[in-house]
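Dropping model-v6.csv in here (CSV, C-alpha atoms):
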chain,number,residue,atom,x,y,z
A,1,MET,CA,-91.4,-35.5,-21.4
A,2,LYS,CA,-90.7,-34.3,-24.9
A,3,ALA,CA,-87.7,-32.4,-26.2
A,4,ARG,CA,-87.4,-30.8,-29.6
A,5,VAL,CA,-83.9,-30.3,-31.0
A,6,THR,CA,-83.6,-27.8,-33.9
A,7,ILE,CA,-80.4,-28.1,-35.9
A,8,THR,CA,-79.3,-25.3,-38.2
A,9,LEU,CA,-76.2,-24.8,-40.3
A,10,LYS,CA,-73.8,-22.2,-38.9
A,11,PRO,CA,-74.2,-18.8,-40.5
A,12,GLY,CA,-71.0,-18.9,-42.5
A,13,ASP,CA,-71.7,-22.3,-44.1
A,14,LEU,CA,-72.9,-22.4,-47.7
A,15,ASP,CA,-76.2,-24.2,-47.8
A,16,PRO,CA,-76.6,-25.5,-51.4
A,17,GLN,CA,-80.0,-27.1,-50.6
A,18,GLY,CA,-81.3,-23.8,-49.2
A,19,ARG,CA,-80.1,-22.1,-52.3
A,20,ALA,CA,-82.0,-24.6,-54.5
A,21,ILE,CA,-85.1,-24.1,-52.5
A,22,GLN,CA,-84.8,-20.3,-52.8
A,23,SER,CA,-84.4,-20.7,-56.6
A,24,ALA,CA,-87.4,-23.0,-56.8
A,25,LEU,CA,-89.6,-20.5,-54.8
A,26,GLY,CA,-88.5,-17.8,-57.3
A,27,GLY,CA,-89.5,-20.1,-60.1
A,28,LEU,CA,-93.0,-20.5,-58.6
A,29,GLY,CA,-93.3,-16.7,-58.8
A,30,PHE,CA,-92.7,-15.9,-55.1
A,31,ALA,CA,-90.7,-12.6,-55.3
A,32,GLY,CA,-88.5,-11.3,-52.5
A,33,VAL,CA,-87.3,-14.6,-51.0
A,34,GLU,CA,-83.9,-13.3,-50.1
A,35,ALA,CA,-82.4,-16.3,-48.5
A,36,VAL,CA,-83.3,-19.9,-47.5
A,37,ARG,CA,-81.5,-22.0,-44.9
A,38,GLN,CA,-82.5,-25.6,-44.5
A,39,GLY,CA,-82.1,-27.4,-41.1
A,40,LYS,CA,-83.7,-30.3,-39.3
A,41,VAL,CA,-85.9,-30.9,-36.3
A,42,ILE,CA,-85.5,-34.0,-34.1
A,43,GLU,CA,-88.3,-34.8,-31.6
A,44,LEU,CA,-87.3,-36.9,-28.6
A,45,ASP,CA,-89.7,-38.7,-26.3
A,46,LEU,CA,-87.8,-39.0,-23.0
A,47,ALA,CA,-88.3,-40.5,-19.6
A,48,ASP,CA,-89.6,-37.8,-17.2
A,49,GLY,CA,-86.8,-36.1,-15.4
A,50,THR,CA,-84.1,-36.6,-18.1
A,51,PRO,CA,-81.6,-33.9,-17.3
A,52,GLU,CA,-81.1,-31.2,-19.9
A,53,ALA,CA,-77.4,-31.9,-19.7
A,54,ASP,CA,-78.1,-35.4,-21.1
A,55,ILE,CA,-80.0,-33.9,-24.0
A,56,ASP,CA,-77.2,-31.5,-24.6
A,57,ALA,CA,-74.7,-34.4,-24.6
A,58,MET,CA,-76.9,-36.2,-27.1
A,59,CYS,CA,-76.7,-33.2,-29.4
A,60,ARG,CA,-72.9,-32.9,-29.1
A,61,LYS,CA,-72.2,-36.6,-29.4
A,62,LEU,CA,-74.6,-37.4,-32.3
A,63,LEU,CA,-77.5,-35.3,-33.3
A,64,ALA,CA,-75.5,-32.2,-34.4
A,65,ASN,CA,-72.1,-32.0,-36.0
A,66,THR,CA,-70.8,-28.9,-34.2
A,67,VAL,CA,-68.2,-28.3,-36.9
A,68,ILE,CA,-70.9,-27.1,-39.2
A,69,GLU,CA,-74.1,-27.0,-37.2
A,70,ASN,CA,-75.7,-25.2,-34.3
A,71,TYR,CA,-78.5,-26.7,-32.2
A,72,ARG,CA,-81.2,-25.5,-29.9
A,73,ILE,CA,-83.1,-27.6,-27.4
A,74,GLU,CA,-86.7,-26.9,-26.4
A,75,ILE,CA,-88.3,-28.9,-23.6
A,76,ALA,CA,-92.1,-29.3,-23.7
B,1,MET,CA,-48.9,-56.5,-44.4
B,2,LYS,CA,-51.8,-57.2,-42.2
B,3,SER,CA,-54.9,-55.2,-43.1
B,4,ALA,CA,-58.6,-55.0,-42.4
B,5,VAL,CA,-61.5,-53.5,-44.2
B,6,ILE,CA,-64.3,-52.3,-42.0
B,7,VAL,CA,-67.8,-53.2,-43.3
B,8,PHE,CA,-70.7,-51.0,-42.3
B,9,PRO,CA,-74.3,-51.6,-43.2
B,10,GLY,CA,-74.6,-49.9,-46.6
B,11,SER,CA,-70.9,-50.0,-47.4
B,12,ASN,CA,-70.6,-50.8,-51.1
B,13,CYS,CA,-66.9,-50.4,-51.9
B,14,ASP,CA,-65.6,-52.8,-49.3
B,15,ARG,CA,-64.9,-55.6,-51.7
B,16,ASP,CA,-63.3,-53.3,-54.3
B,17,LEU,CA,-61.0,-52.1,-51.5
B,18,ALA,CA,-60.2,-55.6,-50.4
B,19,VAL,CA,-59.5,-56.6,-54.0
B,20,ALA,CA,-57.1,-53.6,-54.5
B,21,ILE,CA,-55.3,-54.4,-51.2
B,22,GLU,CA,-54.9,-58.1,-52.1
B,23,SER,CA,-53.9,-57.4,-55.6
B,24,VAL,CA,-51.0,-55.3,-54.5
B,25,THR,CA,-50.0,-57.0,-51.2
B,26,GLY,CA,-50.8,-60.6,-52.1
B,27,THR,CA,-52.7,-60.9,-48.8
B,28,ALA,CA,-56.4,-60.6,-48.4
B,29,PRO,CA,-57.5,-58.1,-45.7
B,30,ALA,CA,-59.8,-59.3,-42.8
B,31,MET,CA,-63.3,-58.0,-43.3
B,32,ILE,CA,-64.5,-56.6,-40.0
B,33,TRP,CA,-68.2,-56.1,-39.3
B,34,HIS,CA,-68.8,-52.7,-37.7
B,35,ARG,CA,-70.4,-54.3,-34.6
B,36,ASP,CA,-67.1,-55.9,-33.6
B,37,ALA,CA,-65.6,-53.9,-30.7
B,38,GLU,CA,-62.1,-55.4,-31.2
B,39,LEU,CA,-59.9,-55.4,-34.2
B,40,PRO,CA,-57.5,-58.3,-35.1
B,41,GLU,CA,-54.1,-58.0,-33.4
B,42,GLY,CA,-51.2,-56.4,-35.2
B,43,LEU,CA,-52.9,-54.6,-38.0
B,44,ASP,CA,-50.8,-52.4,-40.2
B,45,LEU,CA,-53.6,-50.9,-42.2
B,46,ILE,CA,-57.3,-50.3,-41.5
B,47,ALA,CA,-59.4,-49.2,-44.5
B,48,LEU,CA,-62.8,-47.6,-44.3
B,49,PRO,CA,-64.7,-48.1,-47.6
B,50,GLY,CA,-67.0,-46.0,-49.7
B,51,GLY,CA,-70.7,-46.5,-49.7
B,52,PHE,CA,-73.8,-45.2,-48.1
B,53,SER,CA,-73.5,-46.5,-44.6
B,54,TYR,CA,-76.8,-46.3,-42.7
B,55,GLY,CA,-78.3,-44.8,-45.8
B,56,ASP,CA,-76.6,-41.5,-44.9
B,57,TYR,CA,-79.2,-41.1,-42.1
B,58,LEU,CA,-78.7,-38.0,-40.0
B,59,ARG,CA,-75.5,-37.0,-41.8
B,60,SER,CA,-73.2,-39.0,-44.1
B,61,GLY,CA,-71.0,-41.1,-41.9
B,62,ALA,CA,-72.6,-39.9,-38.6
B,63,MET,CA,-74.1,-43.2,-37.5
B,64,SER,CA,-71.1,-45.3,-38.6
B,65,ALA,CA,-68.7,-43.0,-36.7
B,66,ARG,CA,-70.5,-44.2,-33.5
B,67,SER,CA,-70.3,-47.9,-34.4
B,68,PRO,CA,-68.6,-50.1,-31.8
B,69,VAL,CA,-65.6,-50.8,-34.1
B,70,MET,CA,-64.8,-47.1,-34.4
B,71,GLN,CA,-63.6,-46.9,-30.8
B,72,ALA,CA,-61.0,-49.6,-31.7
B,73,VAL,CA,-60.2,-47.7,-35.0
B,74,ILE,CA,-59.6,-44.5,-33.0
B,75,ARG,CA,-57.3,-46.4,-30.6
B,76,ALA,CA,-55.4,-48.0,-33.5
B,77,ALA,CA,-55.0,-44.6,-35.1
B,78,GLY,CA,-53.6,-43.3,-31.9
B,79,GLU,CA,-51.0,-46.1,-31.9
B,80,GLY,CA,-49.9,-44.9,-35.3
B,81,ARG,CA,-51.4,-47.6,-37.4
B,82,ALA,CA,-52.3,-46.6,-41.0
B,83,VAL,CA,-56.0,-45.7,-41.5
B,84,LEU,CA,-57.4,-45.0,-45.0
B,85,GLY,CA,-60.9,-43.6,-45.4
B,86,VAL,CA,-62.3,-43.5,-49.0
B,87,CYS,CA,-65.4,-41.5,-49.8
B,88,ASN,CA,-67.9,-42.5,-47.1
B,89,GLY,CA,-64.8,-43.7,-45.2
B,90,PHE,CA,-63.6,-40.1,-45.2
B,91,GLN,CA,-66.9,-38.9,-44.0
B,92,VAL,CA,-66.8,-41.4,-41.2
B,93,LEU,CA,-63.3,-40.2,-40.2
B,94,THR,CA,-64.4,-36.6,-40.0
B,95,GLU,CA,-67.5,-37.5,-38.0
B,96,ALA,CA,-65.4,-39.6,-35.7
B,97,GLY,CA,-63.1,-36.7,-35.1
B,98,LEU,CA,-60.0,-38.4,-36.5
B,99,LEU,CA,-59.8,-35.7,-39.3
B,100,PRO,CA,-60.9,-32.1,-39.0
B,101,GLY,CA,-63.7,-30.4,-40.9
B,102,ALA,CA,-66.8,-31.9,-42.5
B,103,LEU,CA,-68.2,-33.0,-45.8
B,104,MET,CA,-71.3,-31.3,-46.9
B,105,ARG,CA,-73.7,-31.6,-49.9
B,106,ASN,CA,-71.9,-30.9,-53.2
B,107,ALA,CA,-72.2,-27.2,-54.1
B,108,GLY,CA,-73.9,-28.0,-57.4
B,109,LEU,CA,-76.3,-30.4,-55.5
B,110,ASN,CA,-75.7,-33.1,-58.1
B,111,PHE,CA,-74.3,-36.5,-57.4
B,112,VAL,CA,-70.9,-36.4,-59.1
B,113,CYS,CA,-69.8,-39.7,-60.7
B,114,ARG,CA,-66.8,-39.4,-63.1
B,115,ASP,CA,-63.1,-39.5,-63.3
B,116,VAL,CA,-61.5,-36.2,-62.0
B,117,SER,CA,-58.0,-34.8,-62.2
B,118,LEU,CA,-56.3,-34.6,-58.8
B,119,ARG,CA,-53.0,-32.9,-58.0
B,120,VAL,CA,-50.8,-34.8,-55.5
B,121,GLU,CA,-49.9,-32.0,-53.1
B,122,ASN,CA,-47.8,-34.0,-50.7
B,123,ALA,CA,-45.9,-37.0,-51.9
B,124,GLN,CA,-44.1,-37.6,-48.6
B,125,THR,CA,-46.9,-39.5,-46.8
B,126,MET,CA,-47.0,-43.2,-46.4
B,127,PHE,CA,-50.0,-43.2,-48.8
B,128,THR,CA,-48.5,-41.1,-51.5
B,129,ALA,CA,-44.7,-41.8,-51.6
B,130,HIS,CA,-45.0,-43.6,-54.9
B,131,TYR,CA,-46.5,-40.5,-56.7
B,132,ASP,CA,-44.4,-37.5,-57.8
B,133,ALA,CA,-45.1,-34.3,-55.9
B,134,GLY,CA,-47.3,-32.1,-58.0
B,135,ALA,CA,-48.3,-34.9,-60.3
B,136,THR,CA,-51.8,-34.8,-61.8
B,137,ILE,CA,-53.5,-38.2,-61.7
B,138,ARG,CA,-57.0,-39.3,-62.7
B,139,ILE,CA,-59.2,-41.0,-60.1
B,140,PRO,CA,-62.9,-41.5,-60.1
B,141,VAL,CA,-65.3,-39.8,-57.7
B,142,ALA,CA,-68.8,-40.9,-56.9
B,143,HIS,CA,-70.4,-38.8,-54.1
B,144,HIS,CA,-73.2,-36.5,-53.2
B,145,ASP,CA,-71.6,-35.1,-50.0
B,146,GLY,CA,-68.0,-34.3,-50.9
B,147,ASN,CA,-67.9,-30.6,-50.3
B,148,TYR,CA,-65.1,-30.2,-47.8
B,149,VAL,CA,-65.6,-27.4,-45.2
B,150,ALA,CA,-63.6,-26.2,-42.2
B,151,ASP,CA,-63.1,-22.9,-40.6
B,152,ALA,CA,-60.4,-20.6,-42.1
B,153,GLU,CA,-58.0,-21.3,-39.3
B,154,THR,CA,-58.2,-25.0,-39.8
B,155,LEU,CA,-57.8,-24.7,-43.5
B,156,ASP,CA,-54.7,-22.5,-43.0
B,157,ARG,CA,-53.2,-25.0,-40.6
B,158,LEU,CA,-53.9,-27.9,-43.0
B,159,GLU,CA,-52.2,-26.0,-45.8
B,160,GLY,CA,-49.3,-24.9,-43.6
B,161,GLU,CA,-48.6,-28.4,-42.3
B,162,GLY,CA,-48.7,-30.0,-45.7
B,163,ARG,CA,-51.8,-31.9,-44.7
B,164,VAL,CA,-53.7,-31.2,-47.9
B,165,VAL,CA,-52.6,-34.3,-49.7
B,166,PHE,CA,-54.8,-34.2,-52.8
B,167,ARG,CA,-56.5,-31.3,-54.4
B,168,TYR,CA,-59.0,-31.3,-57.3
B,169,ALA,CA,-57.4,-29.8,-60.4
B,170,GLU,CA,-60.9,-29.1,-61.8
B,171,PRO,CA,-64.2,-28.0,-60.3
B,172,VAL,CA,-65.9,-31.0,-58.7
B,173,ASN,CA,-68.0,-30.3,-55.6
B,174,GLY,CA,-67.3,-26.8,-54.2
B,175,SER,CA,-64.7,-28.0,-51.6
B,176,ALA,CA,-62.9,-25.3,-49.7
B,177,ARG,CA,-59.6,-24.7,-51.5
B,178,ASP,CA,-60.4,-27.6,-53.8
B,179,ILE,CA,-59.4,-30.1,-51.0
B,180,ALA,CA,-59.9,-33.7,-52.0
B,181,GLY,CA,-57.9,-35.5,-49.3
B,182,ILE,CA,-56.2,-34.7,-46.0
B,183,VAL,CA,-54.1,-36.4,-43.4
B,184,ASN,CA,-54.1,-36.1,-39.6
B,185,THR,CA,-51.2,-34.4,-37.8
B,186,ALA,CA,-49.2,-37.6,-37.4
B,187,GLY,CA,-49.7,-38.4,-41.0
B,188,ASN,CA,-51.1,-42.0,-40.5
B,189,VAL,CA,-54.7,-41.2,-41.2
B,190,LEU,CA,-55.8,-40.3,-44.7
B,191,GLY,CA,-59.3,-39.4,-45.9
B,192,LEU,CA,-60.1,-38.7,-49.5
B,193,MET,CA,-63.3,-38.5,-51.5
B,194,PRO,CA,-61.9,-40.0,-54.8
B,195,HIS,CA,-61.7,-43.8,-55.1
B,196,PRO,CA,-58.1,-45.0,-55.8
B,197,GLU,CA,-59.3,-48.7,-55.4
B,198,ARG,CA,-61.4,-48.3,-58.6
B,199,LEU,CA,-58.4,-47.8,-60.8
B,200,ILE,CA,-55.7,-50.3,-60.0
B,201,GLU,CA,-55.2,-52.1,-63.3
B,202,ASP,CA,-55.5,-51.1,-66.9
B,203,ALA,CA,-58.6,-53.3,-67.5
B,204,GLN,CA,-60.4,-50.8,-65.3
B,205,GLY,CA,-59.5,-48.0,-67.7
B,206,GLY,CA,-56.5,-46.8,-65.8
B,207,SER,CA,-54.3,-47.6,-62.9
B,208,ASP,CA,-53.5,-44.3,-61.2
B,209,GLY,CA,-54.9,-45.6,-57.9
B,210,ARG,CA,-52.5,-48.5,-57.7
B,211,ALA,CA,-49.5,-46.4,-56.5
B,212,MET,CA,-51.3,-45.7,-53.2
B,213,PHE,CA,-51.5,-49.3,-52.3
B,214,GLU,CA,-48.0,-50.0,-53.5
B,215,ALA,CA,-46.7,-47.1,-51.3
B,216,LEU,CA,-48.6,-48.5,-48.3
B,217,TYR,CA,-47.2,-52.0,-49.0
B,218,ALA,CA,-43.7,-50.6,-49.3
B,219,ALA,CA,-44.0,-48.6,-46.1
B,220,LEU,CA,-45.8,-51.2,-44.0
B,221,GLY,CA,-44.3,-54.4,-45.4

Structure encoded using structure tokens:
Amino acid sequence: MKARVTITLKPGDLDPQGRAIQSALGGLGFAGVEAVRQGKVIELDLADGTPEADIDAMCRKLLANTVIENYRIEIA
Amino acid sequence: MKSAVIVFPGSNCDRDLAVAIESVTGTAPAMIWHRDAELPEGLDLIALPGGFSYGDYLRSGAMSARSPVMQAVIRAAGEGRAVLGVCNGFQVLTEAGLLPGALMRNAGLNFVCRDVSLRVENAQTMFTAHYDAGATIRIPVAHHDGNYVADAETLDRLEGEGRVVFRYAEPVNGSARDIAGIVNTAGNVLGLMPHPERLIEDAQGGSDGRAMFEALYAALG
């Protein structure tokens, strides 16, 4: 089975990289880019039957820093 | 004083830290590889060095914080032993949950590598007792991820409890409330982004960092 973990910065956190991307898009002539937030996607190949609770624990213990990040798990 | 410097793959200030400790205390620290699950008996000070452990993979300090040695460091911190985290060491301490908050990409996106002015906000810790409260000192920084963040409640608690030990006296990296270094509730764990070990004798262009090691030596013997 495969799981995809999407990690995003919490809404209140300043995202300097997102701001830089926004500025670069503006520099390329794309008008109207009002905000950019950068996150990351982690794809996991897992043994069939891996409980979702285990994947959640992986997120909390390592994959995401829940002080600054939210995460979302999708199981394919 | 019995001390140890933890060495992670990608640490690059471990020897500087060892030289600073030995220069002040006369005793070389044990260099402990991060895979070791046990620390030497009777340590007074455990130092986590700067560098780019694990290439900053995932998040700065994230992988190192889960190294086997960190469980022993967390236990030692709980026993009240002094723990000092410099730069990447500070990032490891936040990732390990020994200090609150997190260190994010510098607000200006640039790697900042220069001497900065710091204000000593709390001179009553075992790390800072040899500085004057409110003194301004110059210590180098060298980091990409030094932008300290925490929620407002945590920041207020840190301020209220005198746990903001060092504050930038000039714009550096966008840190919340210009925080450069904090201690834990018990006061035995300090994390800071600037590098006191890089300025311990005049031949290095200044010696404002030396007082931290002298204070630790005085406090811990």

(message) Neighbouring residues of Ile21 in chain B were defined as those with any atom within 12 Å, considering all atoms listed in the file; residues of the same chain fewer than 4 positions away were excluded. Please report them as a PyMOL selection string.
(response) chain B and resi 1-5+14-17+25-31+45-47+49+84+196-198+200+209-217

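Set the cut-off at 9 Å, count all atoms listed in the file, and the residues of chain B near chain A turn out to be Leu58, Arg59, Ala62, Met63, Arg66, Glu95, Pro100, Gly101, Ala102, Met104, Arg105, Asn106, Ala107, Gly108, Leu109, Val149, Ala150 and Asp151 of chain B.
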
(request) Within 12 Å of range 56-59 of chain A, counting all atoms listed in the file, which residues show up once you throw out same-chain ones fewer than 2 positions away? Write them as a list in words, please. (result)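 Near neighbours after the sequence-gap exclusion: Ala3, Arg4, Val5, Thr6, Ile7, Val41, Ile42, Glu43, Leu44, Leu46, Thr50, Pro51, Glu52, Ala53, Asp54, Lys61, Leu62, Leu63, Ala64, Asn65, Thr66, Glu69, Asn70, Tyr71, Arg72, Ile73, Glu74 and Ile75 of chain A; Leu58 of chain B.
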
(request) Would you mind reading off the distance between CA of Gly39 in chain A and CA of Val112 in chain B, one decimal, in Å? (result)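 We find that CA of Gly39 in chain A and CA of Val112 in chain B lie 23.0 Å from each other.
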
(request) State, in Å with one decimal place, the distance from CA of Arg35 in chain B to CA of His195 in chain B. (result)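 Taking CA of Arg35 in chain B and CA of His195 in chain B, their separation equals 24.6 Å.
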
(request) Might you pull out every residue within 10 Å of Ala142 in chain B, with all atoms listed in the file counted and same-chain residues fewer than 3 positions away left off, and present them as a list of chain:residue names? (result) B:Gly50, B:Gly51, B:Cys87, B:Asn88, B:Phe111, B:Val112, B:Cys113, B:Arg114, B:Asp115, B:Asp145, B:Gly146, B:Met193, B:Pro194, B:His195

(request) Would you mind reading off the distance between CA of Tyr148 in chain B and CA of Ala72 in chain B, one decimal, in Å? (result) 25.5 Å

(request) Would you kindly identify which residues have an atom no farther than 6 Å from (-57.4, -36.1, -62.7), using all atoms listed in the file and the file's own coordinates, and write them out as a list in words? (result)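 The residues near that point, listed by chain and number, are Val116, Ser117, Leu118, Thr136, Ile137, Arg138 and Ile139 of chain B.
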
(request) Can you work out which one of A:Asp48, A:Gly29, A:Arg60, A:Ile21 has the shortest atom-to-atom distance to Ala76 in chain A, counting only C-alpha atoms? (result)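 Smallest distance to Ala76 in chain A is found for A:Asp48.
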
(request) Go through B:Glu121, B:Asp208, B:Asp132, B:Glu79 and flag the residue nearest Leu158 in chain B, using all atoms listed in the file for the distances. (result)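 Of all the options, B:Glu121 lies closest to Leu158 in chain B.
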
(request) Just the residues within 10 Å of Leu98 in chain B, please, counting only C-alpha atoms, with nothing from its chain fewer than 3 positions along; format it as a list in words. (result)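 Using only C-alpha atoms, the neighbours found are Ala65, Val73, Ile74, Ala77, Gly78, Val83, Phe90, Val92, Leu93, Thr94, Glu95, Gly101, Val183, Asn184, Thr185, Val189, Leu190 and Gly191 of chain B.
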